[in-house]
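Trainee: To start, I am sharing the structure in question, which I have written as structure tokens.
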Amino acid sequence: MDHALAPPDQQWHPVSGQLYRVRRFLAVAVVLPAAAAGGVLAGIFVAPWLGAVIAGTLAVALAWTLVALRRNQRSWRYAERDDDLLIAHGVLFRRLVVVPYGRMQFVDVTAGPVERHFGIATITLHTASATTDAVVRGLPPEEAARLRDRLAEKGEARSAGL
Amino acid sequence: MATEEGPADGGSRLARRLHPLTPVARGWKAMAVVLAIWGQHAARSPETRIGLAIAGAVFVAALLWGWLSWVFTVYRIEADDLRIDSGVLFRRTRHVHLGRLQAVDVVRPFIARLLGLAELKLQVAGGESAEGSLAYLRETDAQALRAELLARAAGVRPDAGEAPEQPLVVVPMPVLIGSVLLSVGTWVFLLPSALLVGMAVGTGNEPLLLGFVPLFIAAWQFSVGRVLRYFDFTLSESPDGLRLAHGLIEHRHQTVPPGRVQAVRIVQPLLWRAKGWVRVEVNIAGYGKHDDHENHESTLLPVAPLPVALGVLSRILPGVDVQAVPLSPVPRRARLHSPVRWRAMACGADDRVFVARRGILHRETDVIPHAKVQSVRRTQGPFERLLGLATVHLDTTPGPVHVTAPLRDAAEASQLVHDQAERSRIGRRGEGPHRWSARLGGSPADVDR
């Protein structure tokens with residue numbers, strides 16, 4: 001996928017496909033019961049055709065969501081350069097963020113229960129700016145730990161005052 | 001960094017207390033409420049005694065609590081930290097690291113001023129609640145403590161005393177009033193208020209006005225409130241950085257050490273253009289995290305002629321001439337995205353700063369030194385992608401200034417992100433030391449991060 005990113009000689013790391021599976025799990029867990037309940041209730045109390053329409057619409061929406069989630073997961077990538085970390089993601093709304101190691105104030109590694117079950121973690125880089133928005137989702141735990149240590153080490157070496 | 005351990009150091013290790021009148025200055029609002037309730041009850045005779053008893057009990061309890069928290073609040077200077085211990089039930093110790101000092105304010109609200117008290121506020125980089133506040137101190141003590149803290153942060157002897165200051169800009173009263181009268185915001189609230197009052201009085205429906213109290217408050221804030229807030233605005237320069245002093249009812253004195261300004265915005269509202277006036281806002285780490293609307297801490301100059309503002313800017317960012325930075329406009333096809341605004345959008349950079357300009361009627365020019373950029377972002381929505389455009393954001397600390405270069409050519413935006421990352425990397429290397437006395441001939445080895 002063309003991200004029109006600066007030099008293509010960067011080694012871009014993709015994120016784990018588990019990110020897609022986590023989101024698929026969550027989407028299915030929410031939409032399927034809603035589709036079933038909506039379809040059955042509308043079918044019983046209003047008309048069978050309305051129930052079919054509701055269930056069908058939700059099923060199509062779910063299918064489309066799954067495609068979008070897959071494309072979104074594939075769009076996530078990051079690259080470690082000498083002085084900064086690049087993170088790019090997004091299909092419809094594309095963003096690229098460049099965070100200098102020297103500007104990092106702290107690094108968060110988080111994993112919710114579902115993420116943990118699927119074996120991925122999220123790394124958030126915090127700078128003194130509230131708008132930095134530097135998040136890498138869908139990292140395998142060992143890769144997250146490696147990246148965290150590397151960021152900490154690089155940040156230590158290049159730390160700059162405000 | 002232990003070079004400034006002077007003989008005065010031992011004395012300042014002593015724990016010090018706030019002024020004993022602190023509970024009164026802090027709790028006067030609560031007291032006023034209690035007194036008001038008391039007064040109402042006194043007017044209704046049958047319940048007077050009970051009401052009196054309850055009000056009195058609340059009053060005494062509040063006073064006792066205030067006194068207790070005063071007893072438990074202690075501050076002292078420990079080498080490079082200001083340490084504040086507070087809390088009656090839950091003890092809290094806060095270390096304000098002076099090496100990370102971003103700004104020092106001495107604030108004197110109305111009641112505190114009557115009592116001769118002042119609050120000392122320390123803005124520190126990092127974290128939501130990193131600031132330290134000492135409320136209240138005697139005015140002279142607050143000033144002496146400020147001088148001592150700044151001296152320690154600068155890396156000179158702590159008993160060096162107050163650095164001399166020389167005024168750069170004084171905003172004259174007629175200009176201030178004129179600037180308020182020439183603001184759209186003033187009339188947006190003032191005219192409907194006047195109309196409402198006129199109609200209500202004319203038809204004898206005065207009680208209806210109660211429903212519009214928020215409108216009247218806004219009208220007051222935007223007109224008289226602004227004059228009172230920026231009354232006698234003086235911007236001075238000292239070795240400890242810029243000093244801002246202003247305010248008629250609540251007086252505020254801010255000190256921003258050298259190199260602490262993260263980004264600058266020059267604003268020219270439509271109606272000020274004929275006069276050639278501009279407003280200057282700045283991002284300073286620590287300020288601006290509370291709320292975004294009318295953040296008067298972040299106003300460097302409420303109103304000044306453009307040449308004066310540029311002169312001040314050349315003091316904040318030495319060697320930078322904002323008007324000499326070459327700006328390039330956005331591609332013509334950007335008009336499909338923003339049919340009107342695209343004409344004013346432009347950005348450019350020299351070897352020190354990045355400049356972005358926008359706004360047809362309300363003109364804004366953002367300036368950010370390369371060394372202060374926190375991160376660089378490139379965003380592209382679906383419509384922008386269709387047109388082959390992208391937006392570049394240069395992130396800075398929270399505050400009124402958000403530096404963006406909207407609707408650049410997509411390839412140019414990618415190049416811009418790359419170049420800016422490089423410029424910022426070089427800029428960070430050239431940054432001066434955090435102890436600003438070391439910038440004036442001190443050893444560069446004494447760099448504190």
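Residue numbers start at 1 in each chain; chains themselves are named A, B, ... in the order of the structure tokens; ligands are numbered from 1 in the order shown.
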Could you produce a table of the residues of chain A lying within 8 Å of chain B, with the nearest pair of atoms per residue and their separation in Å rounded to one decimal, using only C-alpha atoms, ordered by chain and increasing residue number, as a tab-separated table?
Mentor:
residue	atom	partner	partner_atom	distance
A:Ala4	CA	B:Ser414	CA	6.7
A:Leu5	CA	B:Ser414	CA	5.8
A:Ala6	CA	B:Ser414	CA	5.3
A:Asp83	CA	B:Arg425	CA	7.6
A:Leu92	CA	B:Pro382	CA	5.5
A:Phe93	CA	B:Gly381	CA	4.4
A:Arg94	CA	B:Gln380	CA	5.0
A:Arg95	CA	B:Thr379	CA	4.3
A:Leu96	CA	B:Arg378	CA	5.0
A:Val97	CA	B:Arg377	CA	4.2
A:Val98	CA	B:Val376	CA	5.0
A:Val99	CA	B:Ser375	CA	4.8
A:Pro100	CA	B:Ser375	CA	6.6
A:Arg103	CA	B:Gln374	CA	5.8
A:Gln105	CA	B:Gly126	CA	7.7
A:Thr127	CA	B:Gln374	CA	6.4
A:Ala128	CA	B:Thr397	CA	5.5
A:Ser129	CA	B:Thr397	CA	4.2
A:Ala130	CA	B:Pro398	CA	6.2
A:Thr131	CA	B:Asp395	CA	6.2
A:Thr132	CA	B:Asp395	CA	6.1
A:Ser159	CA	B:Arg449	CA	7.5
A:Ala160	CA	B:Arg449	CA	6.3
A:Gly161	CA	B:Arg449	CA	4.8
A:Leu162	CA	B:Lys372	CA	6.9
Trainee: Tell me, as an NGL selection string, which residues lie within 9 Å of Pro20 of chain B, counting only C-alpha atoms; anything in the same chain fewer than 3 positions away does not count.
Mentor: :B and (17 or 23-24 or 67 or 70-71 or 136-137)
Trainee: As a ChimeraX atom specification, please: all residues of segment 5-157 of chain A that backbone DSSP puts in helix (DSSP H, G or I).
Mentor: /A:18-45,48-75,101-103,113-118,141-157
Trainee: Which of segment 21-81 of chain A end up as strand (DSSP E) when DSSP is run on this backbone - answer as a PyMOL selection string?
Mentor: chain A and resi 77-80
Trainee: Just write the chosen residues, N, CA and C atoms, as a PDB file, in the first residue's frame.
Mentor:
ATOM      1  N   ARG A  77       1.886   0.310  10.379  1.00  0.00           N
ATOM      2  CA  ARG A  77       3.301  -0.017  10.234  1.00  0.00           C
ATOM      3  C   ARG A  77       4.123   0.983  11.011  1.00  0.00           C
ATOM      4  N   TYR A  78       5.323   0.587  11.348  1.00  0.00           N
ATOM      5  CA  TYR A  78       6.208   1.517  12.049  1.00  0.00           C
ATOM      6  C   TYR A  78       7.641   1.227  11.638  1.00  0.00           C
ATOM      7  N   ALA A  79       8.472   2.241  11.792  1.00  0.00           N
ATOM      8  CA  ALA A  79       9.878   2.102  11.412  1.00  0.00           C
ATOM      9  C   ALA A  79      10.725   2.813  12.449  1.00  0.00           C
ATOM     10  N   GLU A  80      11.808   2.159  12.849  1.00  0.00           N
ATOM     11  CA  GLU A  80      12.731   2.785  13.788  1.00  0.00           C
ATOM     12  C   GLU A  80      13.877   3.393  12.992  1.00  0.00           C
TER      13      GLU A  80
END
Trainee: For Ala334 of chain B, please output as an MDAnalysis selection string all residues within 8 Å (counting only C-alpha atoms; exclusion window: fewer than 6 positions along the same chain).
Mentor: chainID B and resid 342 387 389 407
Trainee: At what distance in Å, to one decimal, does atom CA of Leu114 of chain B lie from atom CA of Ala142 of chain B?
Mentor: 15.5 Å
Trainee: Within 8 Å of Gly39 of chain A, counting only C-alpha atoms, which residues qualify if same-chain residues fewer than 4 places away don't, as a ChimeraX atom specification?
Mentor: /A:35,43,50-55
Trainee: Could you save those same residues with C-alpha atoms as a JSON list (two decimals), in the first residue's frame?
Mentor:
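Final output, part_21.json:
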[["chain", "number", "residue", "atom", "x", "y", "z"],
["A", 35, "ALA", "CA", -28.73, -8.66, 14.52],
["A", 43, "GLY", "CA", -40.10, -10.59, 12.91],
["A", 50, "LEU", "CA", -38.87, -6.42, 8.47],
["A", 51, "GLY", "CA", -37.00, -8.86, 10.67],
["A", 52, "ALA", "CA", -35.21, -10.26, 7.64],
["A", 53, "VAL", "CA", -34.34, -6.74, 6.42],
["A", 54, "ILE", "CA", -32.88, -5.74, 9.81],
["A", 55, "ALA", "CA", -30.89, -8.94, 10.21]]
Trainee: Considering only C-alpha atoms, return as a ChimeraX atom specification whatever protein or nucleic-acid residues lie within 12 Å of Leu151 of chain A, sequence-local ones (same chain, fewer than 2 positions apart) excluded.
Mentor: /A:79-85,99-109,123-126,143-149,153-159
Trainee: Closest to Leu361 of chain B among B:Leu306, B:Val340, B:Val322, B:Met31, using only C-alpha atoms?
Mentor: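 Nearest to Leu361 of chain B: B:Val340.
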Trainee: What's the separation between atom CA of Arg343 of chain B and atom CA of Val320 of chain B, in Å to one decimal place?
Mentor: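 About the pair atom CA of Arg343 of chain B and atom CA of Val320 of chain B: they are 25.4 Å apart.
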Trainee: Find the spatial neighbours of Lys29 of chain B, counting only C-alpha atoms, within a cut-off of 12 Å - ignore same-chain residues fewer than 5 positions away - and output them as a PyMOL selection string.
Mentor: chain B and resi 23-24+34-36+59+62+110-112
Trainee: Can you tell me, as number ranges by chain, what residues are no more than 10 Å from segment 229-246 of chain B when counting only C-alpha atoms, ignoring any on the same chain fewer than 4 positions away?
Mentor: B: 103-107, 147, 150-151, 153-154, 162-173, 176-177, 221, 224-225, 250-261, 296-297, 299-303, 312, 315-316, 436-437, 440
